[in-house]
Every structure is written in structure tokens, then in C-alpha cells.
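Structure below is work_28.txt: compact mmCIF, C-alpha atoms.
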# COMPACT_ATOMS: atom_id res chain seq x y z
CA MET A 1 -75.33 78.42 -28.10
CA ASN A 2 -72.03 79.22 -29.62
CA LEU A 3 -69.99 76.10 -30.33
CA ARG A 4 -66.84 77.82 -29.11
CA TYR A 5 -68.39 78.44 -25.68
CA ILE A 6 -69.34 74.79 -25.37
CA PHE A 7 -65.84 73.72 -26.33
CA PHE A 8 -64.12 75.96 -23.77
CA ALA A 9 -66.60 75.07 -21.06
CA ALA A 10 -65.99 71.36 -21.71
CA LEU A 11 -62.25 71.97 -21.72
CA LEU A 12 -62.40 73.65 -18.32
CA VAL A 13 -64.50 70.85 -16.89
CA VAL A 14 -62.07 68.24 -18.19
CA LEU A 15 -59.06 70.16 -16.86
CA GLY A 16 -60.82 70.65 -13.55
CA ALA A 17 -61.61 66.95 -13.31
CA GLY A 18 -57.98 66.25 -14.12
CA LEU A 19 -57.01 68.01 -10.89
CA PHE A 20 -58.34 65.05 -8.95
CA PHE A 21 -55.67 62.87 -10.49
CA LEU A 22 -52.77 65.23 -9.88
CA PRO A 23 -50.72 64.15 -6.89
CA GLU A 24 -50.23 66.82 -4.28
CA LYS A 25 -46.83 68.09 -5.14
CA THR A 26 -44.54 69.37 -2.51
CA ASN A 27 -41.55 71.47 -3.33
CA THR A 28 -38.90 69.00 -4.41
CA ASN A 29 -36.46 71.55 -5.73
CA GLU A 30 -32.90 70.76 -4.86
CA MET A 31 -31.00 73.12 -2.67
CA ALA A 32 -29.24 75.82 -4.65
CA PRO A 33 -25.53 75.05 -5.11
CA GLU A 34 -24.55 78.35 -3.45
CA LYS A 35 -26.54 77.51 -0.36
CA LEU A 36 -25.14 73.99 -0.20
CA HIS A 37 -21.64 75.37 -0.58
CA ALA A 38 -22.20 77.89 2.20
CA GLU A 39 -23.54 75.19 4.51
CA LEU A 40 -20.66 72.91 3.66
CA PHE A 41 -18.17 75.44 4.97
CA ASP A 42 -20.31 76.54 7.88
CA GLN A 43 -18.47 75.33 10.97
CA THR A 44 -21.36 75.91 13.34
CA ARG A 45 -22.66 72.40 12.80
CA TYR A 46 -19.64 70.97 14.64
CA VAL A 47 -19.24 70.49 18.34
CA SER A 48 -15.93 69.37 19.78
CA THR A 49 -15.42 66.19 21.77
CA ASP A 50 -14.48 68.37 24.74
CA GLU A 51 -17.79 70.17 24.59
CA VAL A 52 -19.68 66.89 24.37
CA ALA A 53 -17.69 65.48 27.30
CA GLU A 54 -18.37 68.57 29.38
CA ARG A 55 -22.08 68.45 28.67
CA ILE A 56 -22.27 64.73 29.50
CA ILE A 57 -20.44 65.30 32.77
CA ASN A 58 -22.70 68.23 33.64
CA GLN A 59 -25.68 66.03 32.77
CA ASP A 60 -27.00 68.67 30.41
CA PRO A 61 -30.64 67.69 29.77
CA SER A 62 -30.72 69.47 26.41
CA LEU A 63 -28.07 67.19 24.94
CA PHE A 64 -29.28 64.30 22.83
CA LEU A 65 -26.57 62.06 21.43
CA ILE A 66 -27.33 59.86 18.45
CA ASP A 67 -24.97 57.10 17.45
CA VAL A 68 -25.48 56.60 13.71
CA ARG A 69 -23.30 53.49 13.50
CA THR A 70 -24.74 50.00 13.22
CA ALA A 71 -26.28 48.25 16.21
CA ASP A 72 -23.24 45.95 16.50
CA TYR A 73 -20.85 48.82 16.92
CA TYR A 74 -23.25 50.46 19.29
CA ALA A 75 -23.41 47.37 21.45
CA GLU A 76 -19.62 47.29 21.59
CA TYR A 77 -19.07 50.85 22.68
CA SER A 78 -20.90 54.12 22.61
CA LEU A 79 -21.09 57.34 24.51
CA PRO A 80 -23.07 57.30 27.77
CA GLY A 81 -26.71 58.15 27.21
CA ALA A 82 -26.44 57.93 23.43
CA ALA A 83 -29.32 56.54 21.39
CA ASN A 84 -28.63 54.32 18.42
CA ILE A 85 -30.24 55.28 15.12
CA PRO A 86 -28.27 53.56 12.35
CA LEU A 87 -27.86 55.73 9.28
CA GLU A 88 -29.76 53.18 7.16
CA ASP A 89 -32.83 53.61 9.35
CA LEU A 90 -32.62 57.36 9.83
CA LEU A 91 -35.63 58.08 7.65
CA SER A 92 -37.76 55.31 9.14
CA PRO A 93 -40.92 56.73 10.73
CA ASN A 94 -39.98 55.05 14.03
CA TRP A 95 -37.49 57.77 14.76
CA GLU A 96 -39.52 60.70 13.60
CA ASP A 97 -40.59 61.69 17.10
CA TYR A 98 -36.98 61.76 18.21
CA LEU A 99 -35.89 63.92 15.32
CA THR A 100 -38.73 66.41 15.00
CA GLN A 101 -38.11 68.49 18.07
CA GLU A 102 -36.84 71.95 18.74
CA TYR A 103 -35.65 71.98 22.32
CA MET A 104 -32.74 69.55 22.34
CA ASP A 105 -29.38 69.80 20.69
CA VAL A 106 -29.05 66.59 18.74
CA VAL A 107 -25.46 65.53 18.21
CA PHE A 108 -24.69 62.88 15.62
CA PHE A 109 -21.54 60.87 15.91
CA SER A 110 -19.97 57.84 14.26
CA ASN A 111 -16.45 56.47 14.21
CA GLY A 112 -15.23 59.26 12.00
CA ASP A 113 -17.05 62.23 10.51
CA ILE A 114 -18.51 60.80 7.34
CA TYR A 115 -21.59 58.94 8.57
CA ALA A 116 -22.41 61.73 10.99
CA GLU A 117 -22.10 64.25 8.16
CA GLN A 118 -24.43 62.15 6.01
CA ALA A 119 -26.92 61.92 8.84
CA TRP A 120 -26.72 65.66 9.36
CA MET A 121 -27.27 66.29 5.67
CA LEU A 122 -30.35 64.04 5.63
CA ALA A 123 -31.73 65.66 8.76
CA ASN A 124 -31.12 69.06 7.25
CA ARG A 125 -32.91 68.10 4.07
CA MET A 126 -35.82 66.74 6.10
CA GLY A 127 -36.11 70.16 7.70
CA TYR A 128 -35.28 68.99 11.22
CA LYS A 129 -33.80 71.52 13.63
CA ASN A 130 -30.86 71.78 16.03
CA PHE A 131 -28.55 69.17 14.59
CA TYR A 132 -24.82 68.97 15.22
CA ILE A 133 -21.92 66.71 14.48
CA MET A 134 -19.33 65.63 17.00
CA LYS A 135 -16.20 66.64 15.13
CA GLY A 136 -13.81 63.74 14.63
CA GLY A 137 -16.27 61.16 15.92
CA LEU A 138 -15.37 58.40 18.35
CA ASN A 139 -11.81 58.18 17.01
CA CYS A 140 -11.24 61.73 18.11
CA TRP A 141 -13.08 60.97 21.34
CA PHE A 142 -10.54 58.30 22.18
CA GLU A 143 -7.59 60.48 21.25
CA THR A 144 -8.74 63.49 23.18
CA ILE A 145 -10.95 62.41 26.03
CA ILE A 146 -10.10 58.81 26.83
CA LYS A 147 -6.35 58.95 26.23
CA PRO A 148 -5.39 62.58 26.30
CA VAL A 149 -1.84 63.36 25.30
CA LYS A 150 0.14 65.49 27.64
CA PRO A 151 1.12 68.71 25.99
CA GLU A 152 4.70 69.75 25.56
CA SER A 153 6.19 71.57 28.50
CA THR A 154 6.44 74.64 26.34
CA ALA A 155 2.69 74.61 25.61
CA SER A 156 0.41 77.41 26.70
CA ASN A 157 -1.56 77.44 29.93
CA ASN A 158 -4.74 76.92 28.00
CA GLU A 159 -3.46 73.64 26.66
CA PHE A 160 -2.53 72.53 30.15
CA ASP A 161 -5.98 73.47 31.39
CA LEU A 162 -7.51 71.51 28.54
CA TYR A 163 -5.28 68.55 29.39
CA LYS A 164 -6.37 68.74 33.01
CA PHE A 165 -9.99 68.77 31.96
CA ARG A 166 -9.46 65.85 29.59
CA ASN A 167 -7.69 63.89 32.29
CA GLY A 168 -10.61 64.46 34.59
CA ALA A 169 -13.06 63.55 31.86
CA SER A 170 -11.06 60.42 31.12
CA GLN A 171 -11.43 59.34 34.73
CA TYR A 172 -15.11 60.12 34.58
CA PHE A 173 -15.67 58.02 31.50
CA THR A 174 -13.27 55.16 32.14
CA GLY A 175 -13.26 55.04 35.92
CA GLY A 176 -9.49 54.98 35.62
CA GLU A 177 -7.00 55.80 38.28
CA LEU A 178 -6.24 59.28 39.23
CA ILE A 179 -3.02 60.37 37.64
CA LEU A 180 -1.45 62.84 39.94
CA SER A 181 0.23 65.61 38.17
CA GLU A 182 3.94 65.27 38.49
CA GLU A 183 5.52 67.81 40.72
CA ILE A 184 8.04 69.88 38.96
CA VAL A 185 11.05 70.03 41.24
CA ALA A 186 12.88 73.20 40.85
CA GLU A 187 16.56 72.69 40.51
CA ALA A 188 18.69 74.85 42.69
CA ILE A 189 20.28 77.49 40.66
CA THR A 190 23.91 77.75 41.28
CA VAL A 191 25.38 81.04 40.59
CA THR A 192 29.00 81.04 39.75
CA ARG A 193 30.55 84.28 40.41
CA LYS A 194 33.53 85.49 38.65
CA LYS A 195 36.52 86.03 40.79
CA LYS A 196 37.28 89.57 41.33
CA LYS A 197 40.29 90.61 39.54
CA THR A 198 42.96 92.08 41.69
CA VAL A 199 42.66 95.72 41.57
CA ALA A 200 45.75 97.54 40.67
CA SER A 201 47.04 99.08 43.84
CA GLY A 202 49.02 102.11 44.33
CA GLY A 203 48.87 105.15 42.24
CA CYS A 204 47.32 108.26 43.37
CA MET B 1 -42.87 92.17 -9.97
CA GLY B 2 -42.49 88.70 -8.60
CA PRO B 3 -40.73 86.43 -9.08
CA LEU B 4 -38.08 88.39 -10.94
CA ILE B 5 -37.38 91.14 -8.42
CA PRO B 6 -37.60 89.19 -5.13
CA GLN B 7 -35.30 86.58 -6.67
CA GLY B 8 -32.78 89.26 -7.59
CA ILE B 9 -32.95 88.48 -11.31
CA ILE B 10 -33.66 92.12 -12.09
CA SER B 11 -33.20 95.06 -9.77
CA GLY B 12 -35.94 96.66 -7.69
CA GLU B 13 -35.83 99.92 -9.65
CA TRP B 14 -37.84 98.21 -12.37
CA ASN B 15 -40.83 97.85 -10.06
CA ASN B 16 -42.49 101.08 -11.14
CA VAL B 17 -41.77 100.41 -14.79
CA PHE B 18 -43.49 97.04 -14.62
CA ALA B 19 -46.32 98.52 -12.57
CA LEU B 20 -46.87 101.09 -15.30
CA LEU B 21 -46.75 98.50 -18.09
CA ILE B 22 -49.10 96.11 -16.32
CA GLY B 23 -51.39 99.02 -15.51
CA VAL B 24 -51.49 100.09 -19.14
CA VAL B 25 -52.29 96.56 -20.31
CA PHE B 26 -54.92 96.12 -17.60
CA GLY B 27 -56.53 99.44 -18.50
CA PHE B 28 -56.42 98.56 -22.18
CA PHE B 29 -58.33 95.33 -21.64
CA LEU B 30 -60.80 96.93 -19.24
CA GLU B 31 -61.55 99.61 -21.79
CA GLY B 32 -61.59 97.07 -24.61
CA SER B 33 -64.16 94.98 -22.75
CA GLY B 34 -66.31 98.06 -22.27
CA PHE B 35 -65.86 98.15 -18.50
CA SER B 36 -65.28 101.88 -18.50
CA SER B 37 -69.04 102.30 -18.87
CA SER B 38 -70.87 102.38 -15.57
CA ARG B 39 -73.94 100.92 -17.31
CA LYS B 40 -72.02 97.74 -18.03
CA LEU B 41 -71.20 97.16 -14.38
CA ALA B 42 -74.63 98.19 -13.17
CA GLY B 43 -76.04 95.69 -15.67
CA VAL B 44 -75.00 92.82 -13.39
CA PHE B 45 -77.35 94.11 -10.71
CA TYR B 46 -80.24 94.86 -13.05
CA GLY B 47 -79.83 91.71 -15.07
CA TYR B 48 -79.30 93.05 -18.56
CA ASP B 49 -75.55 92.49 -18.86
CA PHE B 50 -73.48 89.85 -17.10
CA ILE B 51 -70.23 90.36 -18.96
CA VAL B 52 -68.42 91.54 -15.79
CA LEU B 53 -69.37 88.43 -13.90
CA LYS B 54 -68.38 86.20 -16.81
CA PHE B 55 -65.11 88.07 -17.32
CA PHE B 56 -63.94 87.80 -13.72
CA PHE B 57 -65.12 84.26 -13.11
CA THR B 58 -63.48 83.09 -16.32
CA ALA B 59 -60.27 84.76 -15.18
CA ALA B 60 -60.54 83.13 -11.75
CA ILE B 61 -61.16 79.57 -12.90
CA THR B 62 -58.65 79.78 -15.75
CA ALA B 63 -55.99 81.13 -13.40
CA ALA B 64 -56.78 78.54 -10.71
CA VAL B 65 -56.59 75.59 -13.10
CA GLY B 66 -53.54 77.03 -14.86
CA MET B 67 -51.62 77.68 -11.67
CA ILE B 68 -52.22 74.18 -10.31
CA TYR B 69 -51.04 72.57 -13.55
CA PHE B 70 -48.06 74.96 -13.74
CA GLY B 71 -47.22 74.01 -10.17
CA TYR B 72 -47.47 70.35 -11.08
CA VAL B 73 -45.06 70.57 -14.01
CA GLY B 74 -42.74 72.74 -11.93
CA TRP B 75 -42.99 76.04 -13.78
CA ILE B 76 -44.19 77.85 -10.72
CA ASP B 77 -43.66 77.29 -7.00
CA LEU B 78 -47.11 77.62 -5.48
CA ASP B 79 -45.67 77.91 -1.97
CA MET B 80 -43.98 81.17 -2.92
CA ILE B 81 -47.15 82.89 -4.05
CA TYR B 82 -48.20 85.68 -1.76
CA VAL B 83 -51.64 85.12 -0.28
CA ASN B 84 -53.36 88.11 1.30
CA GLN B 85 -54.18 87.83 4.95
CA SER B 86 -57.86 87.49 5.78
CA TYR B 87 -59.19 89.97 8.34
CA VAL B 88 -62.72 88.63 8.55
CA SER B 89 -64.74 91.49 10.06
CA SER B 90 -63.02 94.23 8.07
CA LEU B 91 -63.44 92.07 4.95
CA ILE B 92 -67.19 91.84 5.49
CA ILE B 93 -67.63 95.54 6.26
CA GLY B 94 -65.33 96.54 3.40
CA GLY B 95 -67.23 94.23 1.08
CA VAL B 96 -70.56 95.83 1.99
CA ILE B 97 -69.17 99.35 1.46
CA MET B 98 -67.57 98.37 -1.82
CA GLY B 99 -70.77 96.69 -3.01
CA LEU B 100 -72.83 99.77 -2.16
CA GLY B 101 -70.35 102.00 -3.97
CA PHE B 102 -70.39 99.60 -6.89
CA ILE B 103 -74.15 99.73 -7.42
CA MET B 104 -74.46 103.44 -6.63
CA GLY B 105 -71.63 104.58 -8.87
CA GLY B 106 -71.47 101.81 -11.42
CA PHE B 107 -67.71 101.58 -11.13
CA CYS B 108 -65.11 99.64 -9.27
CA PRO B 109 -61.87 101.49 -8.53
CA GLY B 110 -60.07 100.19 -11.60
CA THR B 111 -62.86 100.85 -14.07
CA SER B 112 -63.48 104.32 -12.60
CA VAL B 113 -59.89 105.30 -13.40
CA CYS B 114 -60.39 103.79 -16.86
CA GLY B 115 -63.57 105.81 -17.33
CA ALA B 116 -61.90 108.97 -16.01
CA ALA B 117 -59.11 108.50 -18.52
CA ILE B 118 -61.54 108.55 -21.45
CA GLY B 119 -63.28 111.59 -20.03
CA LYS B 120 -66.50 110.24 -18.54
CA ILE B 121 -67.84 112.80 -16.07
CA ASP B 122 -69.46 110.24 -13.77
CA ALA B 123 -66.11 108.47 -13.58
CA TRP B 124 -64.43 111.73 -12.61
CA VAL B 125 -66.94 112.25 -9.81
CA PHE B 126 -66.50 108.65 -8.70
CA THR B 127 -62.70 108.90 -8.72
CA GLY B 128 -62.85 112.19 -6.82
CA GLY B 129 -65.10 110.60 -4.22
CA MET B 130 -62.73 107.67 -3.96
CA PHE B 131 -59.81 109.96 -3.19
CA ILE B 132 -61.84 111.91 -0.65
CA GLY B 133 -62.72 108.57 0.97
CA ILE B 134 -59.07 107.54 1.01
CA PHE B 135 -58.16 110.86 2.59
CA ILE B 136 -60.80 110.57 5.32
CA PHE B 137 -59.87 106.97 6.04
CA SER B 138 -56.18 107.82 6.29
CA GLU B 139 -56.75 110.80 8.55
CA ALA B 140 -59.16 108.91 10.80
CA PHE B 141 -57.12 105.71 10.72
CA PRO B 142 -56.60 105.57 14.53
CA LEU B 143 -60.38 105.34 14.84
CA PHE B 144 -60.58 102.38 12.48
CA GLU B 145 -57.33 100.71 13.43
CA GLY B 146 -58.89 98.20 15.85
CA LEU B 147 -61.41 97.06 13.26
CA TYR B 148 -58.83 97.17 10.47
CA ASN B 149 -56.57 94.70 12.25
CA SER B 150 -59.20 92.51 13.89
CA ASP B 151 -59.93 88.83 13.34
CA ASN B 152 -56.88 88.01 11.30
CA LEU B 153 -57.00 84.43 10.07
CA GLY B 154 -53.61 84.68 8.38
CA SER B 155 -52.88 83.69 4.80
CA ILE B 156 -55.66 81.18 4.75
CA LYS B 157 -56.94 79.53 1.60
CA ILE B 158 -60.62 78.94 1.17
CA TYR B 159 -60.38 75.19 0.63
CA GLU B 160 -58.22 74.90 3.75
CA SER B 161 -60.74 76.75 5.88
CA LEU B 162 -63.55 74.60 4.49
CA GLY B 163 -61.51 71.47 5.04
CA ILE B 164 -61.97 70.14 1.52
CA SER B 165 -59.38 69.17 -1.04
CA ARG B 166 -58.03 71.72 -3.48
CA ALA B 167 -59.04 69.67 -6.51
CA PHE B 168 -62.60 69.33 -5.27
CA PHE B 169 -62.89 73.04 -4.55
CA VAL B 170 -61.56 74.13 -7.94
CA PHE B 171 -63.71 71.59 -9.77
CA ALA B 172 -66.79 72.74 -7.86
CA LEU B 173 -65.89 76.35 -8.61
CA ILE B 174 -65.68 75.56 -12.32
CA LEU B 175 -69.06 73.85 -12.29
CA VAL B 176 -70.62 76.70 -10.33
CA ALA B 177 -69.09 79.27 -12.68
CA LEU B 178 -70.24 77.46 -15.82
CA GLY B 179 -73.68 76.99 -14.33
CA MET B 180 -73.79 80.67 -13.51
CA PHE B 181 -72.77 81.59 -17.06
CA TYR B 182 -75.60 79.47 -18.40
CA VAL B 183 -78.24 80.80 -16.00
CA THR B 184 -77.20 84.43 -16.46
CA GLY B 185 -77.42 83.87 -20.22
CA ILE B 186 -81.06 82.86 -19.79
CA ILE B 187 -81.78 85.83 -17.50
CA GLN B 188 -80.17 88.19 -19.97
CA LYS B 189 -82.46 86.97 -22.70
CA LYS B 190 -85.56 87.53 -20.58
CA VAL B 191 -84.62 90.99 -19.33
CA LYS B 192 -85.31 93.92 -21.63
CA LYS B 193 -82.26 94.97 -23.56
CA VAL B 194 -80.67 98.25 -22.59
CA GLU B 195 -78.94 100.19 -25.31
CA TYR B 196 -75.84 102.09 -24.27
Please, can you express the file's structure as C-alpha cells?
Amino acid sequence: MNLRYIFFAALLVVLGAGLFFLPEKTNTNEMAPEKLHAELFDQTRYVSTDEVAERIINQDPSLFLIDVRTADYYAEYSLPGAANIPLEDLLSPNWEDYLTQEYMDVVFFSNGDIYAEQAWMLANRMGYKNFYIMKGGLNCWFETIIKPVKPESTASNNEFDLYKFRNGASQYFTGGELILSEEIVAEAITVTRKKKKTVASGGC
Amino acid sequence: MGPLIPQGIISGEWNNVFALLIGVVFGFFLEGSGFSSSRKLAGVFYGYDFIVLKFFFTAAITAAVGMIYFGYVGWIDLDMIYVNQSYVSSLIIGGVIMGLGFIMGGFCPGTSVCGAAIGKIDAWVFTGGMFIGIFIFSEAFPLFEGLYNSDNLGSIKIYESLGISRAFFVFALILVALGMFYVTGIIQKKVKKVEY
């Protein structure tokens, strides 16, 4: 038999046997910069504190809040119904069943935005679905929902409606006292009339 | 022309140009290997020439091993390779028809075009028959449509459907192919030579 045939046959066998030692390689390519950039400026990953408050109050079953702060912070204060998955443990297999689902809207929050953003990024990279960030985090939650600021009297109706909603939400979450809206007493308008000038009399 | 056109590296208008170039190269090698002779292909069935079998199995195992190693070093993304969908019953029936045509005519579609190009009359007849068949199939497609689309298993890979590892399958395929090359070599020696 031709020596060349034997050589190539042996080469194929060796290469084929080498396949057993190759690790199964999954696609580890990094996300293209353009795609990352587009996702970075995509605002759809944010939900507002108002929206979260409304969904908690309405007991929306599709809402799943995840507090990514440490367990200590979580014990101190967190949103009602929120689960605690510290950012350090996010990739631990314990939480996989919570994260690999398609029917719930998972909302990450921390004190500010940064940890929640990091959690979102990791979840995104892991290929999980339906992840959001509560914009502004718990700091914003306190400013808007717990201690809403009354808008200026010149503000639009929408802002007053929002304030009313936030006030209500604040009572819901804090059990605080009802703050009755202050009646606006209309001041009597006094009209001062000019005195009629004396009309020139006489003439034709 | 993947991956260049789907990735937008070159525009889609080049598709036909690449198709033509690849076709020319393919035809060149088919002709160069002597596949434009129907006797060569028929030789596989009668046992006097196994070059077709060796040619295609060498291509298959070389490509399989090469692709896996390329995938490992990151030159190619194996997940992006298009895998034909497997329609089991139409595959079996189509395979039987193709096999019958193969042994009766001594050509497969590619080699018949190759043979027609160098002026072989049997290749012309074969190619003409192929186009008549295509015409009948296309016109009667509603009749065949149910069969054509039945039993789709999706883009399944053979080692997945067998439930064995990829490495094991490819290694076994190499051993089987090499064994086949050896055995067919012995058969070829025993069968009377055919001059053509």
C-alpha cells in the first residue's frame, strides 16, 4: 500500500482521537461594541418607581422584585415582596430557577442604579429574559413614593395627579396619616370701579 | 456566500458571482477526478471502481474534523452553520429515487451537468430527463406537498439523534471510512478491471 495513504489515514485517526480531548466549546464571543452601545442607550430596560409602586399596590402577579443589595441592607429595608439576591451571588446556581423564566417581569433594584445595572448586564449576558431596572433605585423610591414633594402651584395637572398618586402610595407603603389636600380658599375679588367723570352738560 | 454576505461584509449582489466561481471550481474538480464518466460512478455498484466513495467520504471526514478544530480555535462559529432540516419520509423516498437514477443513469445531478458540458450524449439525456422530472414535480407539487413537508425533525444532527457525543461519532465515522477504503481496495483487486 502506498505510504502516503497510510500516513494520511493515520493522521485522520490521530486528529479524530484528538476530538475526544477537545472541550465542548460554546460561543464565548463578546457582544459587538455596536450592540452593547445600542443596549446601553436603550431606555426600555428601566421602569419608574411610580410604575413599580402601582404594580405592588395592584398586587400584579407578574412582578418579581429582586433586591441586589447585601443581606444586611435587605434586612434593614426593602420593597414589599422583594426577594434578595445579592449581586455577588447572582450567578450561583441556587438562583437559576428564579432567573430562567419567561412569564414574570423581573425588576432589579439597589440603592442607586449601579448595582442594578450590573445585575441587569449579567442577566442579559446569561441570556435570561424579561429583566428591568427600577430607575433611581431605593433613593429615588424614597424621594418620589415615600416622601413625595408637592409640586409648585403653577405645575401642570398631570404633576398634581402624580403627586396625588404618590401621596396615596406613600400611605400604602408607610401606613402614614392621610394628608388632606389643603382647600384653596378663593379670595373675594374686589372690583374697584373708576368714578364716572362728570359729563359736560349743556351744549346742544 | 456565507459568512461574508449574511454578515454584511460584502453586498448580496455578489451571490451569483460566487455561485458561478464555486460552480466552476466544483465542475473542474469533478471533471478532473473523472466523475463526468458514468462508468466511474456505476463502478461503485459493480465493484470495479470505488473512487467516488473514497472521494466523498474523504471530503466528509476531512471537513468534519477540520470544522470541529476550526470551531475550537475560534475561526468558525459552528452555531451559525446552516443545517438542513430533516424530513424523514421524503428523505427516504427521495433517497431511493436518487439511488435508482444513479445506478440506471450512472450520474448524479452534478456529474451529469459536468458530462453534458464535455459533450457526452448519455449525460445530455440524463440532464434532459432531470429537467423533465423537475418540471413534472413542480407542476404536480400540490399532490406531493403533504409528503414533501411531512415528518420534519428540524435541523437535527445525527449524533444528537443517536444520543452519542460528537467526538465519538466523528471518530467512529473516520474508522468506518478508513475501513471501507481498505475493504473496497481489496474488492477492487478481485473484480475484473474495466477499461474506460
Contact residues (chain A, partner chain B, 8 Å, all atoms listed in the file) as a PDB file with C-alpha atoms, in the coordinates of the input:
ATOM      1  CA  ALA A   9     -66.600  75.070 -21.060  1.00  0.00           C
ATOM      2  CA  LEU A  12     -62.400  73.650 -18.320  1.00  0.00           C
ATOM      3  CA  VAL A  13     -64.500  70.850 -16.890  1.00  0.00           C
ATOM      4  CA  LEU A  15     -59.060  70.160 -16.860  1.00  0.00           C
ATOM      5  CA  GLY A  16     -60.820  70.650 -13.550  1.00  0.00           C
ATOM      6  CA  ALA A  17     -61.610  66.950 -13.310  1.00  0.00           C
ATOM      7  CA  LEU A  19     -57.010  68.010 -10.890  1.00  0.00           C
ATOM      8  CA  PHE A  20     -58.340  65.050  -8.950  1.00  0.00           C
ATOM      9  CA  LEU A  22     -52.770  65.230  -9.880  1.00  0.00           C
ATOM     10  CA  LYS A  25     -46.830  68.090  -5.140  1.00  0.00           C
ATOM     11  CA  ASN A  27     -41.550  71.470  -3.330  1.00  0.00           C
TER      12      ASN A  27
END
Problem set entry | Exercise: stretch 116-126 of chain A partners within 8 Å, all atoms listed in the file, chain neighbours under 3 positions left out, as a list in words |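 The filter keeps Val68, Leu87, Leu90, Leu99, Phe108, Phe109, Ser110, Gly112, Asp113, Lys129, Phe131, Tyr132, Ile133, Met134 and Gly137 of chain A.
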Exercise. Need the neighbours of (-78.1, 97.0, -14.6): which residues are at most 12 Å away, counting only C-alpha atoms, as a PyMOL selection string?
Worked result: chain B and resi 37-52+102-107+188+191-196
Problem set entry | Neighbour list for B:Gly32 as number ranges by chain, cut-off 12 Å, all atoms listed in the file, skip fewer than 4 positions in-chain | B: 24-28, 36-37, 111, 114-115, 118
Write out as an mmCIF file with C-alpha atoms, in the frame of the given file each polymer residue whose atoms come within 10 Å of A:Ser78, counting only C-alpha atoms; drop sequence neighbours fewer than 6 positions from it.
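File produced: around_31.cif:
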data_model
loop_
_atom_site.group_PDB
_atom_site.id
_atom_site.type_symbol
_atom_site.label_atom_id
_atom_site.label_comp_id
_atom_site.auth_asym_id
_atom_site.auth_seq_id
_atom_site.Cartn_x
_atom_site.Cartn_y
_atom_site.Cartn_z
ATOM 1 C CA LEU A 65 -26.570 62.060 21.430
ATOM 2 C CA ILE A 66 -27.330 59.860 18.450
ATOM 3 C CA ASP A 67 -24.970 57.100 17.450
ATOM 4 C CA ARG A 69 -23.300 53.490 13.500
ATOM 5 C CA ASN A 84 -28.630 54.320 18.420
ATOM 6 C CA PHE A 109 -21.540 60.870 15.910
ATOM 7 C CA SER A 110 -19.970 57.840 14.260
ATOM 8 C CA ASN A 111 -16.450 56.470 14.210
ATOM 9 C CA LEU A 138 -15.370 58.400 18.350
#
Problem set entry | Shell around A:Asp105 at 7 Å using all atoms listed in the file, local window under 6 positions removed, as a VMD selection string | chain A and resid 62 to 64 130 to 131
Box for stretch 70-86 of chain B: with edges along x, y and z, all listed atoms inside and 3 Å added on each side, what are the centre and edge lengths in Å to one decimal, as JSON?
{"center_x": -50.3, "center_y": 79.2, "center_z": -4.1, "size_x": 21.1, "size_y": 23.8, "size_z": 25.8}
Problem set entry | atom CA of A:Glu143 to atom CA of A:Ala82, straight-line distance in Å | 19.1 Å
